[in-house]
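Note sheet for the following structure.
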Amino acid sequence: KQEVTQIPAALSVPEGENLVLNCSFTDSAIYNLQWFRQDPGKGLTSLLLIQSSQREQTSGRLNASLDKSSGRSTLYIAASQPGDSATYLCAVRGYGNKLVFGAGTILRVKS
Amino acid sequence: DGGITQSPKYLFRKEGQNVTLSCEQNLNHDAMYWYRQDPGQGLRLIYYSQIVNDFQKGDIAEGYSVSREKKESFPLTVTSAQKNPTAFYLCASTVGGTSSNEQFFGPGTRLTVL
């Protein structure tokens with residue numbers, strides 16, 4: 001059974017810092033991996049989708065990498081801003097076309 | 001605007017009562033999903049549907065029921081058999097036919113048992 005773990009569970013950084021969020025998964029047989037952002041009491045917003053054949057994806061200040069063989073992904077946020085404060089979730093899609101989610105990393109960027 | 005709408009935003013249920021959460025999408029997506037989110041935990045899959053008039057149980061289907069009579073609608077009923085229904089419920093959809101597609105989410109419904 002696929003399990004997804006996110007480390008750290010919470011992170012607090014000063015504004016302007018570059019930071020890395022980690023996601024690991026136990027079964028490397030995945031179709032893709034998706035990173036989401038969730039603001040308190042809101043739904044999920046898709047940030048980046050990495051297909052199993054890809055190594056990384058970039059969108060603005062965000063860069064996500066995927067190492068399928070080792071079961072790891074990282075989300076890199078450059079020059080963090082207070083508006084980046086949210087919970088970040090990663091999810092992998094395996095056989096059966098279902099997403100399996102990690103518990104998330106709560107990020108706080110202090111001004 | 002294309003997207004997924006969920007209603008109501010907040011819902012209160014009395015003991016022994018069934019309640020239905022609405023999910024509508026105008027993205028022309030084939031597949032729709034229902035998740036439950038509890039504090040400090042990731043999302044858990046309740047039910048999903050790949051096509052109209054067909055749906056499958058997810059990891060925590062007990063105490064829930066769904067229907068998929070129209071492509072754009074996938075309502076979730078929380079029955080009295082669900083003993084701990086207080087949670088945040090999220091509906092999602094993807095384009096069907098392939099496992100490579102991005103999943104999109106609605107704004108959620110917060111259900112509280114009184």
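In the structure tokens, chains take letters A, B, ... by order of appearance, with residues numbered from 1 within each chain and ligands from 1 in the order shown.
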
- Message: as a ChimeraX atom specification, could you give me every residue of chain B near chain A (at most 10 Å apart, counting only C-alpha atoms)?
- Response: /B:9,31,33,37-45,48,50,58,88-92,94,96-110

- Message: as a PyMOL selection string, please: the residues near segment 55-71 of chain A (cut-off 9 Å, only C-alpha atoms, same-chain neighbours under 6 positions excluded).
- Response: chain A and resi 23-30+33+35+47-49+77-80

Go ahead and write the selection's residues with N, CA and C atoms as a CSV table (one decimal), in the first residue's frame.
```
chain,number,residue,atom,x,y,z
A,23,CYS,N,9.0,15.4,0.3
A,23,CYS,CA,7.9,14.4,0.2
A,23,CYS,C,8.6,13.1,-0.2
A,24,SER,N,8.2,12.0,0.5
A,24,SER,CA,8.7,10.7,0.2
A,24,SER,C,7.5,9.7,0.0
A,25,PHE,N,7.7,8.7,-0.8
A,25,PHE,CA,6.6,7.7,-1.1
A,25,PHE,C,7.2,6.3,-1.1
A,26,THR,N,6.5,5.3,-0.8
A,26,THR,CA,7.0,4.0,-0.6
A,26,THR,C,7.0,3.1,-1.8
A,27,ASP,N,6.1,3.4,-2.8
A,27,ASP,CA,6.0,2.6,-4.0
A,27,ASP,C,6.3,3.5,-5.2
A,28,SER,N,7.4,3.1,-5.9
A,28,SER,CA,7.9,4.0,-7.0
A,28,SER,C,7.0,3.8,-8.3
A,29,ALA,N,6.1,2.9,-8.3
A,29,ALA,CA,5.2,2.7,-9.4
A,29,ALA,C,4.1,3.7,-9.5
A,30,ILE,N,4.5,5.0,-9.9
A,30,ILE,CA,3.5,6.0,-9.9
A,30,ILE,C,3.4,6.6,-11.3
A,33,LEU,N,3.2,12.9,-9.7
A,33,LEU,CA,3.2,13.5,-8.4
A,33,LEU,C,2.7,15.0,-8.5
A,35,TRP,N,2.0,18.7,-6.4
A,35,TRP,CA,2.1,19.5,-5.2
A,35,TRP,C,0.9,20.5,-5.2
A,47,LEU,N,-0.3,23.4,-7.6
A,47,LEU,CA,0.9,24.2,-7.9
A,47,LEU,C,1.7,23.6,-9.0
A,48,LEU,N,2.1,22.3,-8.9
A,48,LEU,CA,2.9,21.7,-10.0
A,48,LEU,C,2.5,20.3,-10.1
A,49,LEU,N,2.6,19.8,-11.3
A,49,LEU,CA,2.4,18.4,-11.6
A,49,LEU,C,3.6,17.8,-12.3
A,77,ILE,N,11.1,26.6,-2.8
A,77,ILE,CA,10.4,27.9,-2.9
A,77,ILE,C,11.5,29.0,-2.7
A,78,ALA,N,11.7,29.8,-3.7
A,78,ALA,CA,12.8,30.8,-3.7
A,78,ALA,C,12.2,32.1,-3.2
A,79,ALA,N,13.1,32.8,-2.4
A,79,ALA,CA,12.7,34.2,-1.9
A,79,ALA,C,11.3,34.2,-1.3
A,80,SER,N,11.1,33.5,-0.3
A,80,SER,CA,9.8,33.3,0.3
A,80,SER,C,9.2,34.6,0.8
```

- Message: I want to know what sits within 12 Å of Asn28 of chain B, based on only C-alpha atoms, with residues of the same chain fewer than 6 positions away left out; could you give that as a PyMOL selection string?
- Response: chain B and resi 2-4+51-52+70-73+93-96

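Pairwise distance (atom CA of Thr112 of chain B, atom CA of Arg68 of chain B) equals 24.8 Å.
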
- Message: Using DSSP assignments from the backbone, pull out every residue in chain B that falls under strand (DSSP E or B) and give it to me as number ranges by chain.
- Response: B: 4-7, 10-13, 19-25, 31-37, 43-51, 54-57, 64-66, 70, 73, 76-78, 87-94, 104-105, 109-113

- Message: Nearest residue to Gly16 of chain B out of B:Lys57, B:Lys83, B:Arg36, B:His29, using only C-alpha atoms?
- Response: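 Using only C-alpha atoms, Gly16 of chain B sits closest to B:Lys83.
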
- Message: If we count only C-alpha atoms and set the cut-off at 8 Å, which residues sit around Leu111 of chain B, ignoring sequence neighbours fewer than 2 positions away in its own chain? Please answer as a ChimeraX atom specification.
- Response: /B:10-13,85-89,109,113

Write a file of the just-selected residues containing all heavy atoms, as a JSON list (two decimals), in the first residue's frame.
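As a result, again14.json now contains:
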```
[["chain", "number", "residue", "atom", "x", "y", "z"],
["B", 10, "TYR", "N", -20.89, 25.51, 4.93],
["B", 10, "TYR", "CA", -20.96, 24.96, 6.28],
["B", 10, "TYR", "C", -22.26, 24.17, 6.41],
["B", 10, "TYR", "O", -23.31, 24.59, 5.90],
["B", 10, "TYR", "CB", -20.95, 26.07, 7.35],
["B", 10, "TYR", "CG", -19.71, 26.92, 7.33],
["B", 10, "TYR", "CD1", -19.69, 28.15, 6.69],
["B", 10, "TYR", "CD2", -18.55, 26.48, 7.95],
["B", 10, "TYR", "CE1", -18.55, 28.94, 6.67],
["B", 10, "TYR", "CE2", -17.40, 27.26, 7.94],
["B", 10, "TYR", "CZ", -17.41, 28.48, 7.29],
["B", 10, "TYR", "OH", -16.27, 29.25, 7.27],
["B", 11, "LEU", "N", -22.19, 23.03, 7.11],
["B", 11, "LEU", "CA", -23.36, 22.18, 7.27],
["B", 11, "LEU", "C", -23.35, 21.58, 8.67],
["B", 11, "LEU", "O", -22.31, 21.12, 9.15],
["B", 11, "LEU", "CB", -23.34, 21.06, 6.22],
["B", 11, "LEU", "CG", -24.54, 20.13, 6.12],
["B", 11, "LEU", "CD1", -25.82, 20.91, 5.85],
["B", 11, "LEU", "CD2", -24.30, 19.10, 5.03],
["B", 12, "PHE", "N", -24.52, 21.60, 9.30],
["B", 12, "PHE", "CA", -24.63, 21.06, 10.64],
["B", 12, "PHE", "C", -25.60, 19.89, 10.62],
["B", 12, "PHE", "O", -26.67, 19.98, 10.02],
["B", 12, "PHE", "CB", -25.10, 22.14, 11.61],
["B", 12, "PHE", "CG", -24.14, 23.30, 11.69],
["B", 12, "PHE", "CD1", -24.28, 24.39, 10.85],
["B", 12, "PHE", "CD2", -23.08, 23.26, 12.58],
["B", 12, "PHE", "CE1", -23.38, 25.45, 10.91],
["B", 12, "PHE", "CE2", -22.18, 24.31, 12.65],
["B", 12, "PHE", "CZ", -22.33, 25.41, 11.81],
["B", 13, "ARG", "N", -25.22, 18.82, 11.26],
["B", 13, "ARG", "CA", -26.04, 17.60, 11.25],
["B", 13, "ARG", "C", -26.37, 17.19, 12.67],
["B", 13, "ARG", "O", -25.50, 17.22, 13.55],
["B", 13, "ARG", "CB", -25.28, 16.46, 10.57],
["B", 13, "ARG", "CG", -26.15, 15.25, 10.23],
["B", 13, "ARG", "CD", -25.32, 14.05, 9.84],
["B", 13, "ARG", "NE", -25.03, 13.20, 11.00],
["B", 13, "ARG", "CZ", -24.57, 11.96, 10.91],
["B", 13, "ARG", "NH1", -24.31, 11.43, 9.72],
["B", 13, "ARG", "NH2", -24.32, 11.26, 12.00],
["B", 85, "PRO", "N", -18.70, 11.90, 11.59],
["B", 85, "PRO", "CA", -18.71, 12.62, 10.31],
["B", 85, "PRO", "C", -18.14, 14.03, 10.35],
["B", 85, "PRO", "O", -17.96, 14.64, 9.30],
["B", 85, "PRO", "CB", -20.19, 12.67, 9.96],
["B", 85, "PRO", "CG", -20.87, 12.71, 11.29],
["B", 85, "PRO", "CD", -20.03, 11.87, 12.20],
["B", 86, "THR", "N", -17.85, 14.57, 11.51],
["B", 86, "THR", "CA", -17.33, 15.93, 11.58],
["B", 86, "THR", "C", -15.98, 16.00, 10.90],
["B", 86, "THR", "O", -15.02, 15.35, 11.32],
["B", 86, "THR", "CB", -17.21, 16.39, 13.05],
["B", 86, "THR", "OG1", -18.51, 16.47, 13.62],
["B", 86, "THR", "CG2", -16.54, 17.74, 13.14],
["B", 87, "ALA", "N", -15.89, 16.78, 9.81],
["B", 87, "ALA", "CA", -14.67, 16.86, 9.00],
["B", 87, "ALA", "C", -14.88, 17.90, 7.92],
["B", 87, "ALA", "O", -15.97, 18.46, 7.76],
["B", 87, "ALA", "CB", -14.34, 15.51, 8.37],
["B", 88, "PHE", "N", -13.83, 18.12, 7.15],
["B", 88, "PHE", "CA", -13.85, 18.99, 5.98],
["B", 88, "PHE", "C", -13.91, 18.09, 4.76],
["B", 88, "PHE", "O", -13.08, 17.20, 4.60],
["B", 88, "PHE", "CB", -12.59, 19.86, 5.99],
["B", 88, "PHE", "CG", -12.58, 20.97, 5.00],
["B", 88, "PHE", "CD1", -13.66, 21.85, 4.90],
["B", 88, "PHE", "CD2", -11.48, 21.19, 4.19],
["B", 88, "PHE", "CE1", -13.64, 22.90, 3.99],
["B", 88, "PHE", "CE2", -11.45, 22.25, 3.28],
["B", 88, "PHE", "CZ", -12.54, 23.10, 3.19],
["B", 89, "TYR", "N", -14.91, 18.29, 3.89],
["B", 89, "TYR", "CA", -15.11, 17.42, 2.74],
["B", 89, "TYR", "C", -14.77, 18.17, 1.46],
["B", 89, "TYR", "O", -15.25, 19.28, 1.22],
["B", 89, "TYR", "CB", -16.56, 16.94, 2.69],
["B", 89, "TYR", "CG", -16.88, 15.97, 3.81],
["B", 89, "TYR", "CD1", -17.28, 16.43, 5.05],
["B", 89, "TYR", "CD2", -16.74, 14.59, 3.62],
["B", 89, "TYR", "CE1", -17.54, 15.55, 6.09],
["B", 89, "TYR", "CE2", -17.00, 13.71, 4.65],
["B", 89, "TYR", "CZ", -17.40, 14.19, 5.88],
["B", 89, "TYR", "OH", -17.66, 13.30, 6.90],
["B", 109, "THR", "N", -16.65, 21.69, 1.92],
["B", 109, "THR", "CA", -17.79, 21.84, 2.83],
["B", 109, "THR", "C", -17.35, 21.36, 4.21],
["B", 109, "THR", "O", -16.84, 20.25, 4.34],
["B", 109, "THR", "CB", -18.99, 21.00, 2.37],
["B", 109, "THR", "OG1", -19.52, 21.53, 1.15],
["B", 109, "THR", "CG2", -20.09, 20.98, 3.43],
["B", 113, "VAL", "N", -21.20, 17.83, 13.44],
["B", 113, "VAL", "CA", -22.30, 17.12, 14.09],
["B", 113, "VAL", "C", -22.63, 17.82, 15.41],
["B", 113, "VAL", "O", -21.75, 18.08, 16.23],
["B", 113, "VAL", "CB", -21.93, 15.65, 14.36],
["B", 113, "VAL", "CG1", -23.03, 14.96, 15.17],
["B", 113, "VAL", "CG2", -21.72, 14.93, 13.05]]
```

- Query: For Tyr64 of chain B, which residue among B:Glu24, B:Thr5, B:Val78, B:Asn84 is the nearest when counting only C-alpha atoms?
  - Reply: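 That would be B:Val78, the residue with the smallest distance to Tyr64 of chain B.
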